[in-house]
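Asker: Below you'll find model.txt; it's compact mmCIF, C-alpha atoms and all ligand atoms.
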# COMPACT_ATOMS: atom_id res chain seq x y z
CA MET D 5 64.59 93.80 92.57
CA GLY D 6 65.96 91.43 89.95
CA VAL D 7 64.54 91.08 86.45
CA SER D 8 62.91 87.72 87.27
CA GLU D 9 61.08 89.22 90.25
CA LYS D 10 59.91 92.17 88.17
CA ILE D 11 58.56 89.72 85.58
CA LYS D 12 56.69 87.77 88.27
CA GLU D 13 55.21 90.98 89.62
CA ILE D 14 53.90 92.09 86.23
CA GLU D 15 52.54 88.63 85.44
CA GLU D 16 50.77 88.67 88.79
CA GLU D 17 49.30 92.12 88.14
CA MET D 18 48.08 90.97 84.71
CA ARG D 19 46.37 87.98 86.28
CA ARG D 20 44.67 90.20 88.87
CA THR D 21 43.48 92.78 86.33
CA GLN D 22 40.07 92.08 84.87
CA LYS D 23 39.90 92.35 81.11
CA ASN D 24 37.49 95.06 79.99
CA LYS D 25 37.35 98.32 78.05
CA ALA D 26 38.59 100.35 81.03
CA THR D 27 41.67 98.20 81.73
CA GLU D 28 42.57 97.51 78.09
CA TYR D 29 45.22 100.26 77.82
CA HIS D 30 46.76 99.43 81.17
CA LEU D 31 47.04 95.75 80.19
CA GLY D 32 48.61 96.76 76.88
CA LEU D 33 51.28 98.73 78.71
CA LEU D 34 51.95 95.82 81.06
CA LYS D 35 52.42 93.53 78.07
CA GLY D 36 54.91 95.99 76.60
CA LYS D 37 56.89 96.14 79.86
CA LEU D 38 56.84 92.35 80.18
CA ALA D 39 58.25 91.95 76.67
CA ARG D 40 61.12 94.34 77.49
CA LEU D 41 61.98 92.55 80.74
CA ARG D 42 61.91 89.13 79.12
CA ALA D 43 64.33 90.35 76.46
CA GLN D 44 66.62 91.67 79.23
CA LEU D 45 66.58 88.28 80.88
CA LEU D 46 67.96 86.73 77.72
CA GLU D 47 70.91 89.06 77.43
CA PRO D 48 74.03 87.05 78.28
CA ALA D 49 75.69 87.82 81.59
CA PRO D 50 78.70 90.16 81.17
CA GLY D 51 81.73 88.21 80.00
CA ALA D 52 79.82 85.05 79.15
CA GLY D 53 79.43 84.25 75.47
CA ALA D 54 76.07 82.88 74.33
CA GLY D 55 76.63 79.19 75.04
CA ALA D 56 80.39 79.21 75.13
CA GLY D 57 82.02 76.41 77.05
CA THR D 58 78.72 74.89 78.16
CA GLY D 59 78.44 72.43 75.30
CA PHE D 60 75.70 74.39 73.57
CA ASP D 61 77.97 76.22 71.13
CA VAL D 62 77.59 73.72 68.29
CA SER D 63 78.44 75.33 64.97
CA LYS D 64 75.88 75.15 62.22
CA SER D 65 76.58 72.72 59.43
CA GLY D 66 74.75 71.29 56.44
CA ASP D 67 71.80 72.80 54.63
CA ALA D 68 69.47 73.40 57.59
CA ARG D 69 69.19 72.85 61.32
CA ILE D 70 66.40 71.09 63.23
CA ALA D 71 66.20 71.34 67.03
CA LEU D 72 64.61 68.59 69.14
CA VAL D 73 62.77 70.30 71.98
CA GLY D 74 60.70 68.64 74.68
CA PHE D 75 60.22 67.66 78.30
CA PRO D 76 62.64 65.10 79.78
CA SER D 77 62.39 61.47 78.69
CA VAL D 78 59.96 61.95 75.81
CA GLY D 79 62.42 60.21 73.47
CA LYS D 80 64.44 63.01 71.85
CA SER D 81 67.74 61.13 72.03
CA THR D 82 66.09 57.91 70.91
CA LEU D 83 64.86 59.74 67.81
CA LEU D 84 68.28 61.28 67.09
CA SER D 85 69.86 57.82 67.24
CA LYS D 86 67.20 56.50 64.83
CA ILE D 87 67.53 59.11 62.09
CA THR D 88 71.26 59.91 62.24
CA LYS D 89 74.46 57.94 62.75
CA THR D 90 75.09 59.75 66.03
CA LYS D 91 74.40 57.89 69.26
CA SER D 92 73.09 60.08 72.03
CA GLU D 93 72.64 58.45 75.43
CA VAL D 94 69.14 57.10 76.10
CA ALA D 95 67.81 56.22 79.56
CA ALA D 96 64.59 56.08 81.55
CA TYR D 97 65.62 58.88 83.94
CA SER D 98 65.15 62.63 83.34
CA PHE D 99 68.03 64.83 82.13
CA THR D 100 70.00 62.03 80.54
CA THR D 101 71.14 64.48 77.87
CA LEU D 102 73.06 67.42 79.35
CA THR D 103 74.39 69.32 76.33
CA ALA D 104 73.54 69.85 72.67
CA ILE D 105 74.34 66.72 70.65
CA PRO D 106 74.48 67.25 66.86
CA GLY D 107 73.75 64.55 64.29
CA VAL D 108 73.38 64.61 60.52
CA LEU D 109 70.27 63.47 58.69
CA GLU D 110 70.79 62.74 55.01
CA TYR D 111 67.65 63.25 52.98
CA GLY D 112 66.77 64.24 49.43
CA GLY D 113 70.44 64.94 48.69
CA ALA D 114 70.59 67.37 51.62
CA GLU D 115 72.44 67.21 54.89
CA ILE D 116 70.30 68.38 57.76
CA GLN D 117 71.80 69.00 61.17
CA ILE D 118 69.68 67.59 63.99
CA LEU D 119 70.33 69.00 67.43
CA ASP D 120 69.41 66.76 70.34
CA LEU D 121 68.90 68.97 73.40
CA PRO D 122 68.43 68.43 77.13
CA GLY D 123 64.84 68.19 78.30
CA ILE D 124 63.29 71.44 79.44
CA ILE D 125 60.82 72.02 82.24
CA GLU D 126 58.28 74.66 83.16
CA GLY D 127 60.12 77.88 83.99
CA ALA D 128 62.87 77.11 81.48
CA SER D 129 62.58 80.57 79.91
CA GLU D 130 63.41 82.08 83.30
CA GLY D 131 66.51 79.95 83.58
CA LYS D 132 65.28 76.79 85.32
CA GLY D 133 67.52 73.83 84.58
CA ARG D 134 69.49 74.62 81.47
CA GLY D 135 66.33 75.96 79.96
CA ARG D 136 67.71 79.22 78.72
CA GLN D 137 70.61 77.62 76.83
CA VAL D 138 68.29 75.00 75.36
CA ILE D 139 65.84 77.60 74.15
CA SER D 140 68.62 79.80 72.76
CA ALA D 141 69.87 76.80 70.78
CA ALA D 142 66.32 76.16 69.53
CA LYS D 143 66.12 79.78 68.42
CA THR D 144 68.95 79.20 65.95
CA SER D 145 67.10 76.40 64.16
CA ASP D 146 65.14 76.40 60.90
CA LEU D 147 62.58 73.98 62.31
CA ILE D 148 61.67 72.97 65.82
CA MET D 149 60.56 69.39 66.29
CA MET D 150 58.60 69.48 69.50
CA VAL D 151 58.82 65.91 70.78
CA LEU D 152 55.86 65.03 73.01
CA ASP D 153 54.99 61.95 75.02
CA ALA D 154 51.62 60.72 73.73
CA THR D 155 50.89 59.12 77.10
CA LYS D 156 51.22 62.41 79.00
CA LYS D 157 48.58 65.11 79.51
CA ALA D 158 47.70 67.41 76.62
CA GLU D 159 48.81 70.46 78.68
CA GLN D 160 52.46 69.61 78.07
CA ARG D 161 52.28 71.07 74.61
CA ALA D 162 50.80 74.41 75.73
CA LEU D 163 53.34 74.63 78.57
CA LEU D 164 56.26 74.18 76.18
CA GLU D 165 54.78 76.64 73.71
CA ALA D 166 54.50 79.24 76.47
CA GLU D 167 58.17 78.74 77.38
CA LEU D 168 59.22 79.27 73.76
CA GLU D 169 56.87 82.27 73.40
CA ALA D 170 58.44 83.87 76.46
CA VAL D 171 61.84 84.03 74.78
CA GLY D 172 60.49 85.51 71.57
CA ILE D 173 60.03 82.37 69.47
CA ARG D 174 56.84 82.45 67.38
CA LEU D 175 55.78 79.03 66.15
CA ASN D 176 54.11 78.52 62.77
CA ARG D 177 53.31 82.21 62.51
CA GLN D 178 54.19 85.02 60.14
CA ARG D 179 55.67 88.33 61.19
CA PRO D 180 52.66 90.63 61.84
CA ASN D 181 51.73 92.81 58.89
CA ILE D 182 52.55 96.11 60.56
CA TYR D 183 55.02 98.66 59.23
CA LEU D 184 57.11 100.50 61.83
CA LYS D 185 59.92 102.89 61.14
CA GLN D 186 61.85 104.97 63.67
CA LYS D 187 62.55 108.56 62.67
CA LYS D 188 64.84 111.31 63.98
CA ALA D 189 62.04 113.88 64.26
CA GLY D 190 58.45 114.57 63.26
CA GLY D 191 56.55 112.90 66.10
CA MET D 192 54.34 109.84 65.73
CA LYS D 193 52.40 109.11 62.58
CA ILE D 194 49.96 106.26 63.18
CA ASN D 195 47.83 104.97 60.31
CA PHE D 196 45.53 102.03 59.65
CA MET D 197 44.88 100.45 56.27
CA SER D 198 41.36 99.49 57.41
CA THR D 199 39.47 99.78 60.68
CA PRO D 200 41.32 97.61 63.20
CA LYS D 201 39.34 95.17 65.34
CA ASN D 202 41.70 94.85 68.28
CA LEU D 203 43.85 97.99 68.23
CA ASP D 204 43.43 101.74 68.22
CA GLU D 205 45.59 104.83 67.96
CA LYS D 206 45.64 105.48 71.70
CA MET D 207 46.89 101.96 72.47
CA ILE D 208 49.71 102.24 69.94
CA TYR D 209 50.56 105.75 71.08
CA ASN D 210 50.76 104.68 74.76
CA ILE D 211 53.01 101.73 74.03
CA LEU D 212 55.33 103.69 71.75
CA ARG D 213 55.65 106.39 74.40
CA ASP D 214 56.44 103.75 77.02
CA TYR D 215 59.19 102.47 74.70
CA LYS D 216 60.39 106.08 74.29
CA MET D 217 59.82 105.85 70.56
CA LEU D 218 58.47 109.35 70.12
CA ASN D 219 59.32 109.81 66.45
CA CYS D 220 58.15 107.08 64.17
CA GLU D 221 55.79 105.99 61.43
CA VAL D 222 53.31 103.16 61.89
CA LEU D 223 51.06 101.56 59.31
CA VAL D 224 48.86 98.71 60.50
CA ARG D 225 48.02 96.70 57.40
CA ASP D 226 46.23 93.79 59.07
CA GLU D 227 42.81 94.56 60.58
CA ASP D 228 43.14 91.55 62.91
CA ALA D 229 46.45 92.71 64.42
CA THR D 230 46.56 92.65 68.23
CA VAL D 231 48.56 94.49 70.90
CA ASP D 232 50.82 91.43 71.13
CA ASP D 233 51.47 91.64 67.39
CA PHE D 234 52.37 95.30 67.70
CA ILE D 235 54.80 94.58 70.57
CA ASP D 236 56.35 91.79 68.46
CA VAL D 237 57.05 94.34 65.73
CA ILE D 238 58.65 96.78 68.21
CA MET D 239 60.75 93.90 69.61
CA GLU D 240 61.58 92.65 66.09
CA ALA D 241 65.31 92.11 66.83
CA ASN D 242 64.38 89.67 69.57
CA ARG D 243 61.69 87.73 67.71
CA LYS D 244 62.18 84.61 65.64
CA TYR D 245 59.45 83.10 63.47
CA ILE D 246 60.14 79.37 63.30
CA LYS D 247 58.17 76.45 61.93
CA CYS D 248 57.24 73.74 64.39
CA LEU D 249 56.38 70.10 63.85
CA TYR D 250 54.69 68.42 66.80
CA VAL D 251 56.00 64.86 67.08
CA TYR D 252 54.07 62.55 69.41
CA ASN D 253 56.24 59.61 70.46
CA LYS D 254 55.35 56.41 72.37
CA ILE D 255 52.16 55.72 70.44
CA ASP D 256 52.75 52.06 71.31
CA CYS D 257 51.23 52.96 74.69
CA ILE D 258 47.99 54.71 73.65
CA SER D 259 44.58 53.64 72.28
CA MET D 260 43.77 53.61 68.58
CA GLU D 261 41.09 56.27 69.14
CA PHE D 262 43.49 58.68 70.78
CA LEU D 263 46.15 57.97 68.16
CA ASP D 264 43.68 58.83 65.42
CA GLN D 265 42.77 62.08 67.16
CA LEU D 266 46.41 63.16 67.56
CA ALA D 267 47.33 62.26 64.01
CA HIS D 268 44.65 64.63 62.66
CA GLU D 269 45.94 67.72 64.44
CA ASP D 270 47.72 70.44 62.43
CA HIS D 271 51.52 70.27 62.03
CA THR D 272 51.47 66.94 63.85
CA VAL D 273 53.01 63.51 63.27
CA VAL D 274 52.93 60.43 65.47
CA MET D 275 55.56 57.73 65.97
CA SER D 276 56.90 55.00 68.17
CA CYS D 277 60.68 54.82 68.33
CA GLU D 278 60.31 51.63 70.34
CA LEU D 279 58.32 49.82 67.63
CA ASP D 280 60.01 51.66 64.75
CA LEU D 281 56.64 53.04 63.63
CA GLY D 282 56.15 56.28 61.69
CA ILE D 283 59.83 57.34 61.76
CA SER D 284 60.03 57.78 57.98
CA ASP D 285 56.83 59.90 58.09
CA VAL D 286 58.48 62.14 60.66
CA VAL D 287 61.51 62.63 58.41
CA GLU D 288 59.36 63.26 55.33
CA ARG D 289 57.20 65.82 57.11
CA ALA D 290 60.25 67.58 58.53
CA TRP D 291 61.73 67.79 55.03
CA LYS D 292 58.49 69.30 53.71
CA GLU D 293 58.31 71.85 56.53
CA LEU D 294 61.87 72.98 55.82
CA ASN D 295 60.83 73.93 52.28
CA LEU D 296 64.27 73.23 50.84
CA MET D 297 64.70 72.91 47.08
CA ARG D 298 67.01 70.68 45.06
CA ILE D 299 68.61 72.30 42.03
CA TYR D 300 70.59 70.24 39.53
CA THR D 301 73.33 71.72 37.40
CA LYS D 302 74.00 70.86 33.81
CA ARG D 303 77.04 71.72 31.76
CA LYS D 304 76.48 72.81 28.15
CA GLY D 305 76.05 69.83 25.84
CA VAL D 306 76.15 67.31 28.68
CA GLU D 307 73.34 65.46 30.49
CA PRO D 308 72.36 67.02 33.85
CA ASP D 309 74.03 65.63 36.95
CA PHE D 310 71.18 64.20 39.04
CA SER D 311 73.53 62.52 41.48
CA GLU D 312 74.31 65.73 43.30
CA ALA D 313 71.81 68.45 44.12
CA LEU D 314 72.48 71.97 45.26
CA ILE D 315 70.23 72.68 48.23
CA VAL D 316 68.67 76.13 48.47
CA ARG D 317 65.93 77.67 50.55
CA GLN D 318 62.40 78.51 49.44
CA ASP D 319 62.14 81.58 47.16
CA SER D 320 65.82 81.38 46.23
CA THR D 321 67.08 83.00 43.05
CA VAL D 322 69.69 82.06 40.46
CA GLU D 323 72.04 84.27 42.49
CA ASP D 324 71.57 82.03 45.56
CA VAL D 325 72.26 79.00 43.37
CA CYS D 326 75.50 80.62 42.13
CA ASP D 327 76.51 81.28 45.75
CA GLN D 328 76.02 77.60 46.52
CA VAL D 329 78.39 76.64 43.70
CA HIS D 330 81.08 79.18 44.47
CA ARG D 331 81.34 82.44 46.39
CA THR D 332 82.65 84.42 43.42
CA LEU D 333 80.71 82.74 40.60
CA LYS D 334 78.18 85.56 40.24
CA GLU D 335 80.94 88.03 39.43
CA SER D 336 81.54 86.29 36.10
CA PHE D 337 77.86 85.41 35.55
CA LYS D 338 76.48 86.18 32.07
CA TYR D 339 73.12 84.38 32.04
CA ALA D 340 71.57 81.07 33.01
CA LEU D 341 69.42 78.53 31.18
CA VAL D 342 66.65 76.93 33.23
CA TRP D 343 64.62 73.77 32.66
CA GLY D 344 61.80 72.86 35.05
CA ALA D 345 58.82 74.27 36.93
CA SER D 346 60.16 77.83 37.18
CA ALA D 347 60.79 78.15 33.43
CA ARG D 348 58.10 79.67 31.18
CA HIS D 349 59.53 77.73 28.22
CA VAL D 350 62.47 75.33 28.22
CA PRO D 351 65.16 76.24 28.41
CA GLN D 352 64.42 79.79 29.55
CA ARG D 353 67.26 82.29 29.50
CA VAL D 354 67.27 84.16 32.82
CA GLY D 355 69.27 86.58 34.96
CA LEU D 356 70.46 86.45 38.58
CA GLY D 357 67.08 87.57 39.93
CA HIS D 358 65.09 84.62 38.52
CA VAL D 359 63.31 82.64 41.26
CA VAL D 360 63.98 78.91 40.92
CA ALA D 361 61.71 75.96 41.75
CA ASP D 362 62.33 72.54 43.31
CA GLU D 363 64.15 70.15 40.96
CA ASP D 364 64.97 72.79 38.33
CA VAL D 365 67.93 72.04 36.10
CA ILE D 366 70.21 75.01 35.49
CA THR D 367 73.17 75.85 33.26
CA ILE D 368 75.22 78.85 34.33
CA VAL D 369 76.96 80.64 31.50
CA THR D 370 79.89 82.85 32.49
CA LYS D 371 81.67 85.73 30.76
N1 LIG D 401 57.24 52.97 75.23
C1 LIG D 401 58.13 53.69 74.57
N2 LIG D 401 59.25 54.12 75.18
C2 LIG D 401 60.12 54.87 74.47
C3 LIG D 401 59.90 55.19 73.11
N3 LIG D 401 60.93 55.95 72.69
C4 LIG D 401 61.77 56.07 73.73
N4 LIG D 401 61.29 55.43 74.83
C5 LIG D 401 61.92 55.35 76.16
O1 LIG D 401 61.80 56.60 76.81
C6 LIG D 401 62.90 56.77 77.70
C7 LIG D 401 63.54 58.14 77.47
O2 LIG D 401 64.17 58.18 76.21
P1 LIG D 401 65.28 59.27 75.85
O3 LIG D 401 65.55 59.13 74.41
O4 LIG D 401 66.41 59.17 76.79
O5 LIG D 401 64.47 60.60 76.14
P2 LIG D 401 64.99 62.11 76.06
O6 LIG D 401 63.83 62.91 75.64
O7 LIG D 401 66.23 62.21 75.25
O8 LIG D 401 65.31 62.38 77.61
P3 LIG D 401 66.28 63.51 78.29
O9 LIG D 401 67.57 63.54 77.56
O10 LIG D 401 66.44 63.00 79.69
O11 LIG D 401 65.52 64.78 78.23
C8 LIG D 401 63.85 55.62 77.44
O12 LIG D 401 63.67 54.67 78.48
C9 LIG D 401 63.42 55.09 76.10
O13 LIG D 401 63.70 53.72 75.94
C10 LIG D 401 58.69 54.70 72.49
O14 LIG D 401 58.41 54.90 71.31
N5 LIG D 401 57.85 53.97 73.27
K K D 402 65.86 60.32 79.44
MG MG D 403 68.08 62.89 75.73
Could you write out this structure as structure tokens?

Answerer:
Amino acid sequence: MGVSEKIKEIEEEMRRTQKNKATEYHLGLLKGKLARLRAQLLEPAPGAGAGAGTGFDVSKSGDARIALVGFPSVGKSTLLSKITKTKSEVAAYSFTTLTAIPGVLEYGGAEIQILDLPGIIEGASEGKGRGRQVISAAKTSDLIMMVLDATKKAEQRALLEAELEAVGIRLNRQRPNIYLKQKKAGGMKINFMSTPKNLDEKMIYNILRDYKMLNCEVLVRDEDATVDDFIDVIMEANRKYIKCLYVYNKIDCISMEFLDQLAHEDHTVVMSCELDLGISDVVERAWKELNLMRIYTKRKGVEPDFSEALIVRQDSTVEDVCDQVHRTLKESFKYALVWGASARHVPQRVGLGHVVADEDVITIVTK
């Protein structure tokens, strides 16, 4: 039996099994097995590189990468052509786009790579269409823009989310607060910080044994943690926590009432590429979700250079800023002077570990 068939069989068994106290452990084990099989499915076939030669092996460039994911003909390519200088083919038929098409969005002094991808369909995670390559490309992004057709049924969003879930992408979620460490010996040590609501020692023990992890230390810190969370922690190497912005296109074709309802949902923006409505909101929201920071440098005795920003990620330190300037700069680093929101007084003299804030001005003093 192939991996896909095994997955189907387990999914079927899970559907058949009634959820109650008596079946809880059995269902937990099935979930664990399912997660392992799904990860197997994603392993590249022997000899074939990840997306090599299929047009999906676009190298990363710029300060961040955004992937456009959605069903066919929702307007992904139309959006790419609107916000970048790249023209990706647009047409009324499905699967107009067949490979990954990169474009560059310039915003706030940053260059953001936008990846237009082929449309995906239900079953994509199991390899339907080019689903697996598309989702693998999405997995490399810093933000997923899920482009949705506002005129289509609401289920489309849940269907797409399930496809992304199945390959280990977790949207707008944090890694579960569970500590897990494999050991060479000593058996299993399972501890809870407070009484868990959805987990117990037996459940964790069963799943660990099924994964042949007989020596390890577990500390569940979150009382709301579920079996799925625990499996995510075991499968850590295969999981990716990515932000998602839901972008509803074609609002030129829906009622004002429905538009209002959509616009109020979390992590959601609405637009019409056709009427050129809301496009700048989409870009602004995407920029915010990326949480990038602009840092300006200033040479001693000279005004800061506001024409060119260094772009760093959230929670970056002076060390990260140095790396942006030059790979070896930190080797000759003596101290830095910082003006702006991260400084307690201006200028504050700081070391490499100082965490910077958006729009800080910094002078790096070398030995
Ligand atoms: N009414 C309306 N039509 C739109 C809008 N944006 C795009 N379209 C149309 O939707 C169709 C599909 O657009 P594409 O950009 O090719 O869609 P896609 O998501 O890239 O499609 P695939 O590459 O096939 O997955 C085209 O006929 C567009 O003209 C919009 O805001 N309103
Ligand atoms: K299309
Ligand atoms: Mg397209």

Asker: Counting all atoms listed in the file, what residues are within 6 Å of ligand K 402 (chain D), given as a list of chain:residue names?

Answerer: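 The residues within 6 Å of ligand K 402 (chain D), counting all atoms listed in the file, are D:Pro76, D:Ser77, D:Val94, D:Ala95, D:Ala96, D:Tyr97, D:Ser98, D:Phe99, D:Thr100.
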
Asker: Could you tell me, counting all atoms listed in the file, which protein and nucleic acid residues lie no more than 10 Å from ligand MG 403 (chain D), written as an MDAnalysis selection string?

Answerer: chainID D and resid 72:84 92:105 120:123

Asker: Would you mind listing what lies within 12 Å of Lys371 of chain D as a tab-separated table (two decimals) with C-alpha atoms, in the frame of the given file, with all atoms listed in the file counted and same-chain residues fewer than 5 positions away left out?

Answerer:
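What ended up in result-v2.tsv:
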chain	number	residue	atom	x	y	z
D	333	LEU	CA	80.71	82.74	40.60
D	334	LYS	CA	78.18	85.56	40.24
D	335	GLU	CA	80.94	88.03	39.43
D	336	SER	CA	81.54	86.29	36.10
D	337	PHE	CA	77.86	85.41	35.55
D	338	LYS	CA	76.48	86.18	32.07
D	339	TYR	CA	73.12	84.38	32.04
D	340	ALA	CA	71.57	81.07	33.01

Asker: Please determine an axis-aligned box that encloses all atoms of segment 145-148 of chain D listed in the file, with 4 Å added on each side, and express its centre and edge lengths in Å to one decimal as lines of an AutoDock Vina configuration file.

Answerer:
center_x = 64.4
center_y = 74.7
center_z = 63.4
size_x = 13.4
size_y = 11.4
size_z = 12.9

Asker: May I ask which of the residues D:Ile238, D:Met150, D:Val222, D:Ile124 is the closest one to ligand LIG 401 (chain D), counting only C-alpha atoms and all ligand atoms?

Answerer: D:Ile124

Asker: Could you give me, as an MDAnalysis selection string, the residues within 8 Å of Ile139 of chain D, counting only C-alpha atoms and dropping anything in the same chain fewer than 3 positions from it?

Answerer: chainID D and resid 128:129 135:136 142:143 168 171

Asker: For Lys10 of chain D, find every residue with an atom within 10 Å (counting all atoms listed in the file), except residues of its own chain fewer than 5 positions away, and show them as a PyMOL selection string.

Answerer: chain D and resi 5+15-16+37-38+41-42

Asker: How many Å separate atom CA of Ala361 of chain D from atom CA of Ser346 of chain D?

Answerer: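 Those two atoms sit 5.2 Å apart.
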
Asker: What does the structure give for the distance between atom CA of Ser63 of chain D and atom CA of Ile118 of chain D, in Å to one decimal?

Answerer: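 A separation of 11.7 Å between them.
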
Asker: Atom CA of Met207 of chain D and atom CA of Ala229 of chain D are how many Å apart?

Answerer: 12.3 Å

Asker: Would you please work out which residue, of D:Glu9, D:Asp256, D:Asp327, D:Glu130, is nearest to ligand LIG 401 (chain D) when using all atoms listed in the file?

Answerer: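 Closest candidate: D:Asp256.
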
Asker: Within 12 Å of Ile211 of chain D, counting all atoms listed in the file, which residues show up once you throw out same-chain ones fewer than 4 positions away? Write them as an MDAnalysis selection string, please.

Answerer: chainID D and resid 28:40 192 203:207 215:218 231:232 234:239

Asker: Using C-alpha atoms, can you write the selected residues to a file as an mmCIF file, keeping the file's coordinate frame?

Answerer:
data_model
loop_
_atom_site.group_PDB
_atom_site.id
_atom_site.type_symbol
_atom_site.label_atom_id
_atom_site.label_comp_id
_atom_site.auth_asym_id
_atom_site.auth_seq_id
_atom_site.Cartn_x
_atom_site.Cartn_y
_atom_site.Cartn_z
ATOM 1 C CA GLU D 28 42.570 97.510 78.090
ATOM 2 C CA TYR D 29 45.220 100.260 77.820
ATOM 3 C CA HIS D 30 46.760 99.430 81.170
ATOM 4 C CA LEU D 31 47.040 95.750 80.190
ATOM 5 C CA GLY D 32 48.610 96.760 76.880
ATOM 6 C CA LEU D 33 51.280 98.730 78.710
ATOM 7 C CA LEU D 34 51.950 95.820 81.060
ATOM 8 C CA LYS D 35 52.420 93.530 78.070
ATOM 9 C CA GLY D 36 54.910 95.990 76.600
ATOM 10 C CA LYS D 37 56.890 96.140 79.860
ATOM 11 C CA LEU D 38 56.840 92.350 80.180
ATOM 12 C CA ALA D 39 58.250 91.950 76.670
ATOM 13 C CA ARG D 40 61.120 94.340 77.490
ATOM 14 C CA MET D 192 54.340 109.840 65.730
ATOM 15 C CA LEU D 203 43.850 97.990 68.230
ATOM 16 C CA ASP D 204 43.430 101.740 68.220
ATOM 17 C CA GLU D 205 45.590 104.830 67.960
ATOM 18 C CA LYS D 206 45.640 105.480 71.700
ATOM 19 C CA MET D 207 46.890 101.960 72.470
ATOM 20 C CA TYR D 215 59.190 102.470 74.700
ATOM 21 C CA LYS D 216 60.390 106.080 74.290
ATOM 22 C CA MET D 217 59.820 105.850 70.560
ATOM 23 C CA LEU D 218 58.470 109.350 70.120
ATOM 24 C CA VAL D 231 48.560 94.490 70.900
ATOM 25 C CA ASP D 232 50.820 91.430 71.130
ATOM 26 C CA PHE D 234 52.370 95.300 67.700
ATOM 27 C CA ILE D 235 54.800 94.580 70.570
ATOM 28 C CA ASP D 236 56.350 91.790 68.460
ATOM 29 C CA VAL D 237 57.050 94.340 65.730
ATOM 30 C CA ILE D 238 58.650 96.780 68.210
ATOM 31 C CA MET D 239 60.750 93.900 69.610
#

Asker: With distances taken over all atoms listed in the file, which residue among D:Ser145, D:Thr199, D:Gln178, D:Ser276 lies nearest ligand LIG 401 (chain D)?

Answerer: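 Going through D:Ser145, D:Thr199, D:Gln178, D:Ser276 one by one, the smallest distance to ligand LIG 401 (chain D) is for D:Ser276.
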
Asker: Just checking: using all atoms listed in the file, which residue out of D:Cys257, D:Ala141, D:Ile246, D:Val274 ends up closest to ligand LIG 401 (chain D)?

Answerer: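 Closest to ligand LIG 401 (chain D), using all atoms listed in the file: D:Cys257.
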
Asker: Find the residues around Lys304 of chain D up to 10 Å (only C-alpha atoms counted), leave out those fewer than 4 positions away in its own chain, and share them as a VMD selection string.

Answerer: chain D and resid 308 341 366 to 369
